[in-house]
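Novice: Got a structure for you, questions after.
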Amino acid sequence: MPSEKPHNKVILVLGSPGAGKTTLIEGIKSSGAHKLNIINIGTLMLEESEASGISRDKLRYLTTVKIRALREKAFKRIGKMSGTIVVDTHATVEKGNKFIFGLPINNLPDMGNIAGIIYVDATPGELMRRRSSDTMRKRENDDIEVLNLQREINLAVLTMYGTTYDIPVYILHNKEGELNKAMSDFGRFVEDIISNYSD
Amino acid sequence: MPSEKPHNKVILVLGSPGAGKTTLIEGIKSSGAHKLNIINIGTLMLEESEASGISRDKLRYLTTVKIRALREKAFKRIGKMSGTIVVDTHATVEKGNKFIFGLPINNLPDMGNIAGIIYVDATPGELMRRRSSDTMRKRENDDIEVLNLQREINLAVLTMYGTTYDIPVYILHNKEGELNKAMSDFGRFVEDIISNYSD
Amino acid sequence: MPSEKPHNKVILVLGSPGAGKTTLIEGIKSSGAHKLNIINIGTLMLEESEASGISRDKLRYLTTVKIRALREKAFKRIGKMSGTIVVDTHATVEKGNKFIFGLPINNLPDMGNIAGIIYVDATPGELMRRRSSDTMRKRENDDIEVLNLQREINLAVLTMYGTTYDIPVYILHNKEGELNKAMSDFGRFVEDIISNYSD
């Protein structure tokens with residue numbers, strides 16, 4: 001395992017399920033002259049786990065130890081990529097009031113150079129309305145109290161990342177009915193991260 | 001000081017005074033085949049300080065340095081225990097808007113293997129009503145603003161533990177008049193922690 | 001670079017712009033027999049940057065890397081000072097929903113011995129009313145949502161400091177029309193920090 005410094009710039013995009021991360025990320029394929037490489041941690045972990053025959057629905061039911069191993073592989077794959085990488089993932093995964101942390105602080109450097117964090121924020125009401133029309137996955141525990149808790153915990157998580165690794169944090173409230181503004185803000189934040197970052 | 005890896009599983013139970021931690025913990029003596037060893041950090045620190053003639057009421061008035069020394073002894077005693085240990089303690093102690101952190105992040109490993117954290121949550125109203133009938137100790141500063149601050153700080157504390165040591169966090173709202181549900185949730189969380197943890 | 005242990009006691013005073021930090025700090029020049037050395041990180045960074053012809057207004061528009069270098073110099077100057085030092089600074093600087101962390105966790109020890117943290121708190125309404133009469137600097141993004149976000153992030157930041165370095169945190173709500181009480185609380189907190197701290 002040679003410990004060469006990675007040459008990538010990683011932009012972490014975090015937010016609760018239903019906040020609209022994926023929509024915003026899919027709307028942006030490049031920033032100025034910079035082609036963006038979009039990576040979904042869940043998908044990467046799914047690829048890593050496919051050999052063992054574990055389906056996506058079951059991913060969140062795995063034991064902590066199994067999730068840890070898959071995650072480490074996913075992070076290290078990102079660390080080997082070059083260019084500007086937009087990482088779509090969760091600060092926390094919640095199920096039945098149990099919160100698991102998606103990106104433990106000591107594993108972040110495995111991904112390479114984190115240049116900025118964009119948190120896609122939404123109110124509990126917005127999250128619940130978006131989730132109810134989401135037929136892709138079963139959603140649980142969507143009550144307002146838990147959504148507020150998750151938001152508070154997520155904000156503490158990204159504060160930890162920011163103050164530990166001196167990473168700027170951008171908070172984008174993806175308001176209902178204002179997708180165009182959100183997309184424009186998202187593009188601006190990505191551009192700001194790229195132009196301010198230097199190795 | 002030999003640095004053998006401890007063989008215990010520690011479950012941290014945190015919450016503001018009046019949240020109901022102790023009631024929930026006392027209601028659970030075992031989980032499946034696992035006998036639980038219940039430890040109260042305050043009691044442990046009291047035992048450590050007894051020799052010096054310091055009473056429990058005075059514990060929270062000690063200087064930071066003295067508290068640190070007592071705490072370190074208590075944590076290391078837990079680290080030498082085996083089996084599944086449920087630790088009853090505070091994320092923060094508040095007195096007159098001064099917050100002291102009960103479990104500094106670098107001292108946590110002294111206790112051994114932290115397998116999970118259960119936070120017993122309550123609203124300011126619930127805390128104040130429970131505290132007013134608590135004749136065991138004098139309570140101060142019970143106004144809503146401070147209780148909300150302490151809750152926010154506590155949530156940030158356990159987020160730090162979770163994301164630093166990759167520990168799952170369970171949040172249990174101990175609602176007024178729903179003690180049976182709270183006890184059942186508590187039992188389920190303990191079981192989940194034990195069954196998911198592997199060294 | 002000899003690594004002598006610094007002999008200072010540092011009191012960090014944090015708060016959003018408009019919370020009233022500077023007013024409180026200017027009202028206190030000594031605590032009992034202790035003369036206080038008041039330091040403003042922004043002023044120190046300005047002094048460090050003056051040679052390069054960068055004005056104060058432009059400081060917050062510098063790239064992350066330039067800010068980092070100025071900050072490191074400022075922190076290390078504090079680390080070489082002796083006596084009791086009251087440091088006036090920001091947990092976060094916010095501009096257009098971008099949050100930069102003023103005091104990355106790993107840089108704190110550069111300042112010496114942090115004996116205590118005082119957070120000057122204010123509601124979004126109080127902040128907005130105080131800022132609108134502040135003609136010194138242009139203020140942006142003063143809406144309630146962002147001010148609440150910044151407060152939450154600030155509380156998580158100081159929780160990190162407290163639980164990482166075992167520093168007590170004091171929260172002082174600087175309420176409108178109650179400046180005398182705030183100044184008295186501030187003096188009491190400074191005194192408590194000095195009397196409890198031992199190297």
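Each chain in the structure tokens gets a letter, A, B and so on, in the order shown; residues start at 1 in every chain, and ligands are counted from 1 in the order they appear.
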Please list as a ChimeraX atom specification every residue within 10 Å of A:Thr63, counting only C-alpha atoms and excluding residues in the same chain fewer than 5 positions away.
Specialist: /A:68 /B:192-193,195-198
Novice: Take the residues from that selection and put them in a file with N, CA and C atoms, as a PDB file, in the first residue's frame.
Specialist:
ATOM      1  N   ARG A  68     -18.876  -1.288   7.627  1.00  0.00           N
ATOM      2  CA  ARG A  68     -17.560  -0.657   7.727  1.00  0.00           C
ATOM      3  C   ARG A  68     -16.609  -1.129   6.639  1.00  0.00           C
TER       4      ARG A  68
ATOM      5  N   ASP B 192     -30.249  -4.721  20.270  1.00  0.00           N
ATOM      6  CA  ASP B 192     -29.691  -4.421  18.949  1.00  0.00           C
ATOM      7  C   ASP B 192     -28.193  -4.120  19.045  1.00  0.00           C
ATOM      8  N   ILE B 193     -27.811  -3.375  20.073  1.00  0.00           N
ATOM      9  CA  ILE B 193     -26.392  -3.033  20.259  1.00  0.00           C
ATOM     10  C   ILE B 193     -25.583  -4.300  20.478  1.00  0.00           C
ATOM     11  N   SER B 195     -26.314  -7.430  19.729  1.00  0.00           N
ATOM     12  CA  SER B 195     -26.279  -8.386  18.621  1.00  0.00           C
ATOM     13  C   SER B 195     -25.473  -7.871  17.425  1.00  0.00           C
ATOM     14  N   ASN B 196     -25.363  -6.545  17.282  1.00  0.00           N
ATOM     15  CA  ASN B 196     -24.613  -6.005  16.146  1.00  0.00           C
ATOM     16  C   ASN B 196     -23.134  -5.817  16.427  1.00  0.00           C
ATOM     17  N   TYR B 197     -22.787  -5.812  17.713  1.00  0.00           N
ATOM     18  CA  TYR B 197     -21.401  -5.493  18.013  1.00  0.00           C
ATOM     19  C   TYR B 197     -20.499  -6.701  17.825  1.00  0.00           C
ATOM     20  N   SER B 198     -19.408  -6.505  17.137  1.00  0.00           N
ATOM     21  CA  SER B 198     -18.373  -7.525  17.202  1.00  0.00           C
ATOM     22  C   SER B 198     -17.031  -6.829  17.256  1.00  0.00           C
TER      23      SER B 198
END
Novice: Using only C-alpha atoms, which residues of chain A come within 10 Å of chain B, and what is the closest atom pair for each, with the distance in Å to one decimal? Give it as a Markdown table, sorted by chain and residue number.
Specialist:
| residue | atom | partner | partner_atom | distance |
| --- | --- | --- | --- | --- |
| A:Leu62 | CA | B:Asn196 | CA | 8.7 |
| A:Thr63 | CA | B:Asn196 | CA | 5.4 |
| A:Thr64 | CA | B:Asn196 | CA | 6.4 |
| A:Val65 | CA | B:Ser198 | CA | 7.0 |
| A:Lys66 | CA | B:Asn196 | CA | 9.9 |
| A:Arg68 | CA | B:Asp166 | CA | 8.7 |
| A:Ala91 | CA | B:Thr163 | CA | 9.4 |
| A:Thr92 | CA | B:Thr163 | CA | 9.4 |
| A:Val93 | CA | B:Pro168 | CA | 9.9 |
| A:Glu94 | CA | B:Tyr170 | CA | 9.3 |
| A:Lys95 | CA | B:Tyr170 | CA | 9.6 |
| A:Gly96 | CA | B:Tyr170 | CA | 8.6 |
| A:Asn97 | CA | B:Ile171 | CA | 5.6 |
| A:Lys98 | CA | B:Tyr170 | CA | 4.4 |
| A:Phe99 | CA | B:Val169 | CA | 5.1 |
| A:Ile100 | CA | B:Pro168 | CA | 4.9 |
| A:Phe101 | CA | B:Thr163 | CA | 5.8 |
| A:Gly102 | CA | B:Thr163 | CA | 8.3 |
| A:Leu103 | CA | B:Thr163 | CA | 7.1 |
| A:Pro104 | CA | B:Thr163 | CA | 4.5 |
| A:Ile105 | CA | B:Thr164 | CA | 5.5 |
| A:Asn106 | CA | B:Thr164 | CA | 6.7 |
| A:Asn107 | CA | B:Thr164 | CA | 9.4 |
| A:Glu145 | CA | B:His173 | CA | 9.4 |
| A:Val146 | CA | B:Ile171 | CA | 8.9 |
| A:Leu149 | CA | B:Leu155 | CA | 8.5 |
| A:Glu152 | CA | B:Leu155 | CA | 7.6 |
| A:Ile153 | CA | B:Thr159 | CA | 6.2 |
| A:Asn154 | CA | B:Thr159 | CA | 8.4 |
| A:Leu155 | CA | B:Ala156 | CA | 8.7 |
| A:Ala156 | CA | B:Ala156 | CA | 5.5 |
| A:Val157 | CA | B:Thr159 | CA | 6.4 |
| A:Thr159 | CA | B:Ala156 | CA | 9.4 |
| A:Met160 | CA | B:Met160 | CA | 7.3 |
| A:Tyr161 | CA | B:Thr163 | CA | 9.6 |
Novice: Could you tell me which of A:Glu126, A:Glu191, A:Leu108, A:Phe186 comes closest to A:Glu72 if we count only C-alpha atoms?
Specialist: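 Nearest candidate to A:Glu72 out of A:Glu126, A:Glu191, A:Leu108, A:Phe186: A:Leu108.
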Novice: Give the helix (DSSP H, G or I) residues of chain B, as DSSP finds them on the backbone, and put them as an MDAnalysis selection string.
Specialist: chainID B and resid 21:26 41:50 56:59 64:80 105:111 124:132 144:165 179:196
Novice: Do you have the atom CA of A:Leu12-atom CA of A:Gly32 distance handy?
Specialist: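 So the two atoms, atom CA of A:Leu12 and atom CA of A:Gly32, lie 18.6 Å apart.
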Novice: Kindly give the distance, in Å, that separates atom CA of C:Lys35 and atom CA of C:Ala122, rounded to a single decimal.
Specialist: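 Atom CA of C:Ala122 lies at a distance of 27.7 Å from atom CA of C:Lys35.
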Novice: May I ask which of the residues A:His90, A:Arg188, A:Ser82, A:Asn180 is the closest one to A:Leu36, counting only C-alpha atoms?
Specialist: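 Ranked by minimum distance to A:Leu36, first place goes to A:Ser82.
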Novice: To test your reading of the structure, identify every residue in stretch 4-186 of chain A that backbone DSSP assigns to strand (DSSP E or B), and report it as an NGL selection string.
Specialist: :A and (8-14 or 30-31 or 34-40 or 83-88 or 92-95 or 98-101 or 114-121 or 169-173)
Novice: What is the distance between atom CA of B:Gly27 and atom CA of B:Ile11, in Å to one decimal?
Specialist: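 So the answer is 15.2 Å.
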